[in-house]
Amino acid sequence: MDKTLLAKIEQKIQDTLSNKDEIKELIQLLSTIDDSKSFALGVIVGRIYNAFYYQ
């Protein structure tokens, strides 16, 4: 993988992890979903994907 792209992906992951309180709040608001761990992972992946898609 290109080193620049890899660095950008790593930065986006760190940005997402630094906003974990926002993610936890979203998960709590939508906690009626049975598999909350899968949902949490989906939120994180979605945030990273959107960060690249809209730039």
# chains A, B, ... in the order shown; residues from 1 in each chain; ligands from 1
>>> residues_around(residues="range 3-8 of chain A", least_positions_apart="6", cutoff="12 Å", atoms="only C-alpha atoms", output="ChimeraX atom specification")
/A:14-15,48-49,51-52,55
>>> write_last_selection(atoms="N, CA and C atoms", output="mmCIF file, in the first residue's frame")
data_model
loop_
_atom_site.group_PDB
_atom_site.id
_atom_site.type_symbol
_atom_site.label_atom_id
_atom_site.label_comp_id
_atom_site.auth_asym_id
_atom_site.auth_seq_id
_atom_site.Cartn_x
_atom_site.Cartn_y
_atom_site.Cartn_z
ATOM 1 N N GLN A 14 -6.983 7.307 14.141
ATOM 2 C CA GLN A 14 -6.683 8.021 15.388
ATOM 3 C C GLN A 14 -7.703 9.124 15.646
ATOM 4 N N ASP A 15 -8.115 9.834 14.594
ATOM 5 C CA ASP A 15 -9.139 10.871 14.752
ATOM 6 C C ASP A 15 -10.448 10.273 15.259
ATOM 7 N N ILE A 48 -14.763 6.543 9.202
ATOM 8 C CA ILE A 48 -13.506 6.562 8.438
ATOM 9 C C ILE A 48 -13.802 6.621 6.943
ATOM 10 N N TYR A 49 -14.743 5.812 6.487
ATOM 11 C CA TYR A 49 -15.109 5.801 5.073
ATOM 12 C C TYR A 49 -15.603 7.174 4.632
ATOM 13 N N ALA A 51 -14.999 10.045 5.902
ATOM 14 C CA ALA A 51 -13.926 11.032 5.917
ATOM 15 C C ALA A 51 -13.175 11.032 4.593
ATOM 16 N N PHE A 52 -12.998 9.874 3.995
ATOM 17 C CA PHE A 52 -12.310 9.802 2.712
ATOM 18 C C PHE A 52 -13.245 10.114 1.551
ATOM 19 N N GLN A 55 -13.881 13.945 0.948
ATOM 20 C CA GLN A 55 -12.733 14.846 0.791
ATOM 21 C C GLN A 55 -12.279 14.895 -0.643
#
>>> atom_distance(atom1="CA of Gly42 in chain A", atom2="CA of Met1 in chain A")
23.2 Å
>>> atom_distance(atom1="CA of Ile44 in chain A", atom2="CA of Leu29 in chain A")
15.5 Å
>>> closest_residue(among="A:Ala40, A:Ile9, A:Asp2, A:Asn50", to="Asp21 in chain A", atoms="only C-alpha atoms")
A:Ala40
>>> atom_distance(atom1="CA of Lys20 in chain A", atom2="CA of Val43 in chain A")
10.5 Å
>>> select_by_dssp(residues="chain A", states="alpha helix (DSSP H)", output="compact mmCIF listing (two decimals) with all heavy atoms, in the first residue's frame")
# COMPACT_ATOMS: atom_id res chain seq x y z
N LYS A 3 2.57 4.54 0.97
CA LYS A 3 2.88 5.02 2.32
C LYS A 3 2.05 6.24 2.69
O LYS A 3 1.63 6.38 3.84
CB LYS A 3 4.37 5.35 2.43
CG LYS A 3 5.25 4.14 2.41
CD LYS A 3 6.71 4.50 2.54
CE LYS A 3 7.58 3.26 2.47
NZ LYS A 3 9.00 3.58 2.59
N THR A 4 1.78 7.11 1.72
CA THR A 4 0.97 8.30 2.00
C THR A 4 -0.45 7.91 2.35
O THR A 4 -1.03 8.42 3.32
CB THR A 4 0.98 9.24 0.78
OG1 THR A 4 2.33 9.57 0.45
CG2 THR A 4 0.21 10.51 1.07
N LEU A 5 -1.02 6.99 1.59
CA LEU A 5 -2.38 6.52 1.86
C LEU A 5 -2.45 5.83 3.21
O LEU A 5 -3.38 6.07 3.99
CB LEU A 5 -2.84 5.58 0.75
CG LEU A 5 -4.26 5.03 0.89
CD1 LEU A 5 -5.28 6.15 0.97
CD2 LEU A 5 -4.57 4.10 -0.26
N LEU A 6 -1.48 5.00 3.50
CA LEU A 6 -1.45 4.31 4.78
C LEU A 6 -1.38 5.31 5.94
O LEU A 6 -2.09 5.15 6.94
CB LEU A 6 -0.26 3.34 4.84
CG LEU A 6 -0.15 2.48 6.09
CD1 LEU A 6 -1.40 1.63 6.30
CD2 LEU A 6 1.09 1.60 6.00
N ALA A 7 -0.58 6.34 5.79
CA ALA A 7 -0.48 7.37 6.84
C ALA A 7 -1.81 8.09 7.02
O ALA A 7 -2.23 8.37 8.15
CB ALA A 7 0.62 8.37 6.49
N LYS A 8 -2.51 8.38 5.92
CA LYS A 8 -3.82 9.04 6.01
C LYS A 8 -4.83 8.14 6.71
O LYS A 8 -5.61 8.61 7.54
CB LYS A 8 -4.34 9.39 4.61
CG LYS A 8 -3.55 10.42 3.89
CD LYS A 8 -3.96 11.79 4.34
CE LYS A 8 -3.26 12.82 3.47
NZ LYS A 8 -3.53 14.17 3.90
N ILE A 9 -4.84 6.85 6.38
CA ILE A 9 -5.76 5.92 7.02
C ILE A 9 -5.48 5.83 8.51
O ILE A 9 -6.41 5.88 9.33
CB ILE A 9 -5.68 4.52 6.36
CG1 ILE A 9 -6.23 4.58 4.94
CG2 ILE A 9 -6.42 3.48 7.20
CD1 ILE A 9 -6.00 3.32 4.13
N GLU A 10 -4.21 5.73 8.88
CA GLU A 10 -3.85 5.68 10.29
C GLU A 10 -4.28 6.95 11.02
O GLU A 10 -4.78 6.89 12.15
CB GLU A 10 -2.35 5.45 10.44
CG GLU A 10 -1.93 4.05 10.06
CD GLU A 10 -0.42 3.84 10.05
OE1 GLU A 10 0.34 4.82 10.25
OE2 GLU A 10 0.00 2.69 9.84
N GLN A 11 -4.13 8.11 10.37
CA GLN A 11 -4.56 9.37 10.99
C GLN A 11 -6.07 9.39 11.19
O GLN A 11 -6.56 9.83 12.23
CB GLN A 11 -4.11 10.56 10.14
CG GLN A 11 -4.52 11.90 10.72
CD GLN A 11 -3.93 12.14 12.10
OE1 GLN A 11 -2.74 11.91 12.30
NE2 GLN A 11 -4.73 12.59 13.03
N LYS A 12 -6.82 8.92 10.20
CA LYS A 12 -8.28 8.90 10.32
C LYS A 12 -8.71 7.96 11.43
O LYS A 12 -9.67 8.24 12.16
CB LYS A 12 -8.93 8.50 8.99
CG LYS A 12 -8.78 9.52 7.91
CD LYS A 12 -9.42 10.84 8.28
CE LYS A 12 -9.21 11.86 7.20
NZ LYS A 12 -9.76 13.17 7.55
N ILE A 13 -8.03 6.84 11.59
CA ILE A 13 -8.35 5.92 12.68
C ILE A 13 -8.10 6.60 14.01
O ILE A 13 -8.94 6.54 14.93
CB ILE A 13 -7.53 4.62 12.55
CG1 ILE A 13 -8.02 3.81 11.34
CG2 ILE A 13 -7.62 3.80 13.83
CD1 ILE A 13 -7.14 2.64 10.97
N GLN A 14 -6.98 7.31 14.14
CA GLN A 14 -6.68 8.02 15.39
C GLN A 14 -7.70 9.12 15.65
O GLN A 14 -8.13 9.33 16.79
CB GLN A 14 -5.26 8.60 15.35
CG GLN A 14 -4.19 7.56 15.42
CD GLN A 14 -4.32 6.66 16.65
OE1 GLN A 14 -4.52 7.13 17.75
NE2 GLN A 14 -4.20 5.37 16.44
N ASP A 15 -8.12 9.83 14.59
CA ASP A 15 -9.14 10.87 14.75
C ASP A 15 -10.45 10.27 15.26
O ASP A 15 -11.11 10.84 16.12
CB ASP A 15 -9.40 11.59 13.42
CG ASP A 15 -8.23 12.44 12.97
OD1 ASP A 15 -7.31 12.69 13.78
OD2 ASP A 15 -8.23 12.84 11.79
N THR A 16 -10.81 9.13 14.69
CA THR A 16 -12.04 8.47 15.11
C THR A 16 -11.95 8.00 16.56
O THR A 16 -12.87 8.18 17.34
CB THR A 16 -12.34 7.27 14.19
OG1 THR A 16 -12.50 7.76 12.85
CG2 THR A 16 -13.60 6.54 14.61
N LEU A 17 -10.82 7.43 16.92
CA LEU A 17 -10.64 6.96 18.30
C LEU A 17 -10.64 8.12 19.28
O LEU A 17 -11.09 7.97 20.42
CB LEU A 17 -9.35 6.14 18.42
CG LEU A 17 -9.35 4.80 17.68
CD1 LEU A 17 -7.98 4.15 17.80
CD2 LEU A 17 -10.43 3.88 18.20
N SER A 18 -10.15 9.27 18.86
CA SER A 18 -10.15 10.43 19.76
C SER A 18 -11.55 10.98 19.98
O SER A 18 -11.78 11.72 20.92
CB SER A 18 -9.22 11.52 19.23
OG SER A 18 -9.76 12.10 18.06
N LYS A 20 -14.15 9.01 20.61
CA LYS A 20 -14.88 7.84 21.08
C LYS A 20 -16.05 8.20 21.97
O LYS A 20 -17.03 7.45 22.03
CB LYS A 20 -13.94 6.86 21.77
CG LYS A 20 -13.30 7.36 23.02
CD LYS A 20 -12.33 6.34 23.58
CE LYS A 20 -11.61 6.93 24.78
NZ LYS A 20 -10.62 6.01 25.30
N ASP A 21 -16.01 9.35 22.65
CA ASP A 21 -17.15 9.74 23.49
C ASP A 21 -18.39 10.00 22.63
O ASP A 21 -19.49 9.62 23.00
CB ASP A 21 -16.81 10.98 24.32
CG ASP A 21 -15.79 10.68 25.40
OD1 ASP A 21 -15.67 9.50 25.82
OD2 ASP A 21 -15.10 11.62 25.83
N GLU A 22 -18.18 10.61 21.47
CA GLU A 22 -19.30 10.84 20.55
C GLU A 22 -19.85 9.51 20.05
O GLU A 22 -21.07 9.34 19.93
CB GLU A 22 -18.84 11.67 19.35
CG GLU A 22 -18.47 13.09 19.69
CD GLU A 22 -17.89 13.82 18.50
OE1 GLU A 22 -17.82 13.24 17.39
OE2 GLU A 22 -17.50 14.99 18.68
N ILE A 23 -18.96 8.57 19.74
CA ILE A 23 -19.39 7.26 19.25
C ILE A 23 -20.16 6.52 20.34
O ILE A 23 -21.20 5.93 20.08
CB ILE A 23 -18.18 6.45 18.76
CG1 ILE A 23 -17.57 7.13 17.53
CG2 ILE A 23 -18.58 5.02 18.44
CD1 ILE A 23 -16.24 6.56 17.11
N LYS A 24 -19.65 6.57 21.58
CA LYS A 24 -20.34 5.91 22.69
C LYS A 24 -21.74 6.49 22.90
O LYS A 24 -22.69 5.76 23.15
CB LYS A 24 -19.54 6.05 23.98
CG LYS A 24 -18.33 5.16 24.05
CD LYS A 24 -17.60 5.37 25.37
CE LYS A 24 -16.34 4.53 25.44
NZ LYS A 24 -15.62 4.74 26.70
N GLU A 25 -21.86 7.81 22.78
CA GLU A 25 -23.17 8.44 22.94
C GLU A 25 -24.13 7.99 21.85
O GLU A 25 -25.29 7.67 22.12
CB GLU A 25 -23.01 9.96 22.89
CG GLU A 25 -24.31 10.70 23.13
CD GLU A 25 -24.14 12.21 23.14
OE1 GLU A 25 -22.99 12.69 23.17
OE2 GLU A 25 -25.17 12.89 23.11
N LEU A 26 -23.64 7.91 20.62
CA LEU A 26 -24.48 7.44 19.52
C LEU A 26 -24.92 6.01 19.74
O LEU A 26 -26.08 5.65 19.53
CB LEU A 26 -23.71 7.57 18.20
CG LEU A 26 -24.42 7.12 16.94
CD1 LEU A 26 -25.71 7.91 16.74
CD2 LEU A 26 -23.51 7.28 15.75
N ILE A 27 -24.01 5.17 20.21
CA ILE A 27 -24.33 3.77 20.47
C ILE A 27 -25.38 3.66 21.57
O ILE A 27 -26.32 2.87 21.47
CB ILE A 27 -23.06 2.97 20.82
CG1 ILE A 27 -22.18 2.85 19.58
CG2 ILE A 27 -23.39 1.60 21.37
CD1 ILE A 27 -20.78 2.38 19.87
N GLN A 28 -25.24 4.46 22.62
CA GLN A 28 -26.22 4.43 23.70
C GLN A 28 -27.60 4.87 23.22
O GLN A 28 -28.62 4.30 23.61
CB GLN A 28 -25.77 5.31 24.86
CG GLN A 28 -24.62 4.71 25.64
CD GLN A 28 -24.11 5.65 26.73
OE1 GLN A 28 -24.42 6.83 26.75
NE2 GLN A 28 -23.30 5.11 27.63
N LEU A 29 -27.64 5.88 22.35
CA LEU A 29 -28.91 6.35 21.83
C LEU A 29 -29.59 5.29 20.97
O LEU A 29 -30.82 5.24 20.89
CB LEU A 29 -28.70 7.63 21.01
CG LEU A 29 -28.32 8.87 21.81
CD1 LEU A 29 -27.94 10.00 20.87
CD2 LEU A 29 -29.45 9.30 22.71
N SER A 36 -24.61 -4.86 19.70
CA SER A 36 -24.05 -3.51 19.82
C SER A 36 -22.57 -3.45 19.45
O SER A 36 -22.08 -2.42 19.01
CB SER A 36 -24.27 -2.96 21.22
OG SER A 36 -23.61 -3.76 22.17
N LYS A 37 -21.82 -4.56 19.61
CA LYS A 37 -20.41 -4.54 19.23
C LYS A 37 -20.27 -4.40 17.72
O LYS A 37 -19.43 -3.64 17.24
CB LYS A 37 -19.69 -5.79 19.72
CG LYS A 37 -19.47 -5.81 21.20
CD LYS A 37 -18.69 -7.03 21.64
CE LYS A 37 -18.54 -7.02 23.16
NZ LYS A 37 -17.81 -8.19 23.63
N SER A 38 -21.07 -5.12 16.97
CA SER A 38 -21.04 -5.00 15.51
C SER A 38 -21.47 -3.61 15.09
O SER A 38 -20.92 -3.03 14.16
CB SER A 38 -21.94 -6.04 14.86
OG SER A 38 -21.43 -7.33 15.06
N PHE A 39 -22.47 -3.08 15.78
CA PHE A 39 -22.95 -1.74 15.47
C PHE A 39 -21.85 -0.72 15.72
O PHE A 39 -21.61 0.17 14.90
CB PHE A 39 -24.19 -1.40 16.29
CG PHE A 39 -24.73 -0.03 16.01
CD1 PHE A 39 -25.38 0.23 14.82
CD2 PHE A 39 -24.55 0.99 16.92
CE1 PHE A 39 -25.87 1.50 14.55
CE2 PHE A 39 -25.03 2.25 16.66
CZ PHE A 39 -25.69 2.51 15.47
N ALA A 40 -21.14 -0.84 16.84
CA ALA A 40 -20.05 0.08 17.17
C ALA A 40 -18.97 0.04 16.10
O ALA A 40 -18.48 1.08 15.66
CB ALA A 40 -19.46 -0.25 18.54
N LEU A 41 -18.60 -1.15 15.67
CA LEU A 41 -17.59 -1.28 14.62
C LEU A 41 -18.09 -0.64 13.33
O LEU A 41 -17.34 0.04 12.63
CB LEU A 41 -17.25 -2.75 14.39
CG LEU A 41 -16.20 -3.03 13.32
CD1 LEU A 41 -14.89 -2.34 13.68
CD2 LEU A 41 -15.99 -4.52 13.17
N GLY A 42 -19.37 -0.82 13.04
CA GLY A 42 -19.95 -0.20 11.84
C GLY A 42 -19.89 1.31 11.89
O GLY A 42 -19.61 1.97 10.87
N VAL A 43 -20.14 1.89 13.04
CA VAL A 43 -20.06 3.34 13.20
C VAL A 43 -18.64 3.82 12.94
O VAL A 43 -18.41 4.79 12.20
CB VAL A 43 -20.54 3.78 14.60
CG1 VAL A 43 -20.22 5.25 14.86
CG2 VAL A 43 -22.02 3.52 14.77
N ILE A 44 -17.67 3.13 13.51
CA ILE A 44 -16.27 3.52 13.35
C ILE A 44 -15.84 3.42 11.89
O ILE A 44 -15.25 4.35 11.33
CB ILE A 44 -15.37 2.67 14.26
CG1 ILE A 44 -15.65 3.02 15.73
CG2 ILE A 44 -13.90 2.87 13.92
CD1 ILE A 44 -15.05 2.05 16.72
N VAL A 45 -16.15 2.30 11.26
CA VAL A 45 -15.79 2.11 9.85
C VAL A 45 -16.50 3.15 8.98
O VAL A 45 -15.90 3.73 8.07
CB VAL A 45 -16.12 0.68 9.38
CG1 VAL A 45 -15.99 0.54 7.87
CG2 VAL A 45 -15.21 -0.32 10.09
N GLY A 46 -17.76 3.42 9.29
CA GLY A 46 -18.51 4.42 8.53
C GLY A 46 -17.91 5.80 8.63
O GLY A 46 -17.83 6.53 7.63
N ARG A 47 -17.47 6.16 9.80
CA ARG A 47 -16.85 7.48 9.99
C ARG A 47 -15.56 7.59 9.19
O ARG A 47 -15.28 8.62 8.57
CB ARG A 47 -16.60 7.74 11.46
CG ARG A 47 -17.85 8.03 12.25
CD ARG A 47 -17.56 8.18 13.73
NE ARG A 47 -16.66 9.28 13.97
CZ ARG A 47 -17.00 10.43 14.56
NH1 ARG A 47 -18.24 10.60 14.97
NH2 ARG A 47 -16.12 11.37 14.75
N ILE A 48 -14.76 6.54 9.20
CA ILE A 48 -13.51 6.56 8.44
C ILE A 48 -13.80 6.62 6.94
O ILE A 48 -13.20 7.41 6.21
CB ILE A 48 -12.64 5.34 8.80
CG1 ILE A 48 -12.16 5.45 10.26
CG2 ILE A 48 -11.45 5.22 7.84
CD1 ILE A 48 -11.52 4.20 10.80
N TYR A 49 -14.74 5.81 6.49
CA TYR A 49 -15.11 5.80 5.07
C TYR A 49 -15.60 7.17 4.63
O TYR A 49 -15.18 7.70 3.61
CB TYR A 49 -16.18 4.74 4.82
CG TYR A 49 -16.73 4.79 3.41
CD1 TYR A 49 -16.03 4.21 2.36
CD2 TYR A 49 -17.93 5.44 3.14
CE1 TYR A 49 -16.52 4.28 1.07
CE2 TYR A 49 -18.42 5.51 1.85
CZ TYR A 49 -17.73 4.92 0.83
OH TYR A 49 -18.20 4.99 -0.45
N ASN A 50 -16.49 7.76 5.41
CA ASN A 50 -17.05 9.07 5.05
C ASN A 50 -15.97 10.15 5.02
O ASN A 50 -16.04 11.06 4.20
CB ASN A 50 -18.16 9.46 6.02
CG ASN A 50 -19.43 8.70 5.75
OD1 ASN A 50 -19.64 8.18 4.67
ND2 ASN A 50 -20.29 8.63 6.74
N ALA A 51 -15.00 10.05 5.90
CA ALA A 51 -13.93 11.03 5.92
C ALA A 51 -13.17 11.03 4.59
O ALA A 51 -12.78 12.09 4.09
CB ALA A 51 -12.97 10.75 7.07
N PHE A 52 -13.00 9.87 4.00
CA PHE A 52 -12.31 9.80 2.71
C PHE A 52 -13.25 10.11 1.55
O PHE A 52 -12.88 10.77 0.61
CB PHE A 52 -11.69 8.41 2.51
CG PHE A 52 -10.42 8.23 3.24
CD1 PHE A 52 -10.39 7.60 4.47
CD2 PHE A 52 -9.22 8.71 2.72
CE1 PHE A 52 -9.20 7.44 5.16
CE2 PHE A 52 -8.04 8.57 3.39
CZ PHE A 52 -8.02 7.92 4.63
N TYR A 53 -14.48 9.66 1.64
CA TYR A 53 -15.42 9.81 0.53
C TYR A 53 -15.73 11.29 0.26
O TYR A 53 -15.82 11.71 -0.87
CB TYR A 53 -16.71 9.06 0.86
CG TYR A 53 -17.71 9.11 -0.26
CD1 TYR A 53 -17.59 8.27 -1.37
CD2 TYR A 53 -18.78 9.99 -0.23
CE1 TYR A 53 -18.49 8.30 -2.41
CE2 TYR A 53 -19.71 10.03 -1.25
CZ TYR A 53 -19.55 9.20 -2.34
OH TYR A 53 -20.45 9.24 -3.36
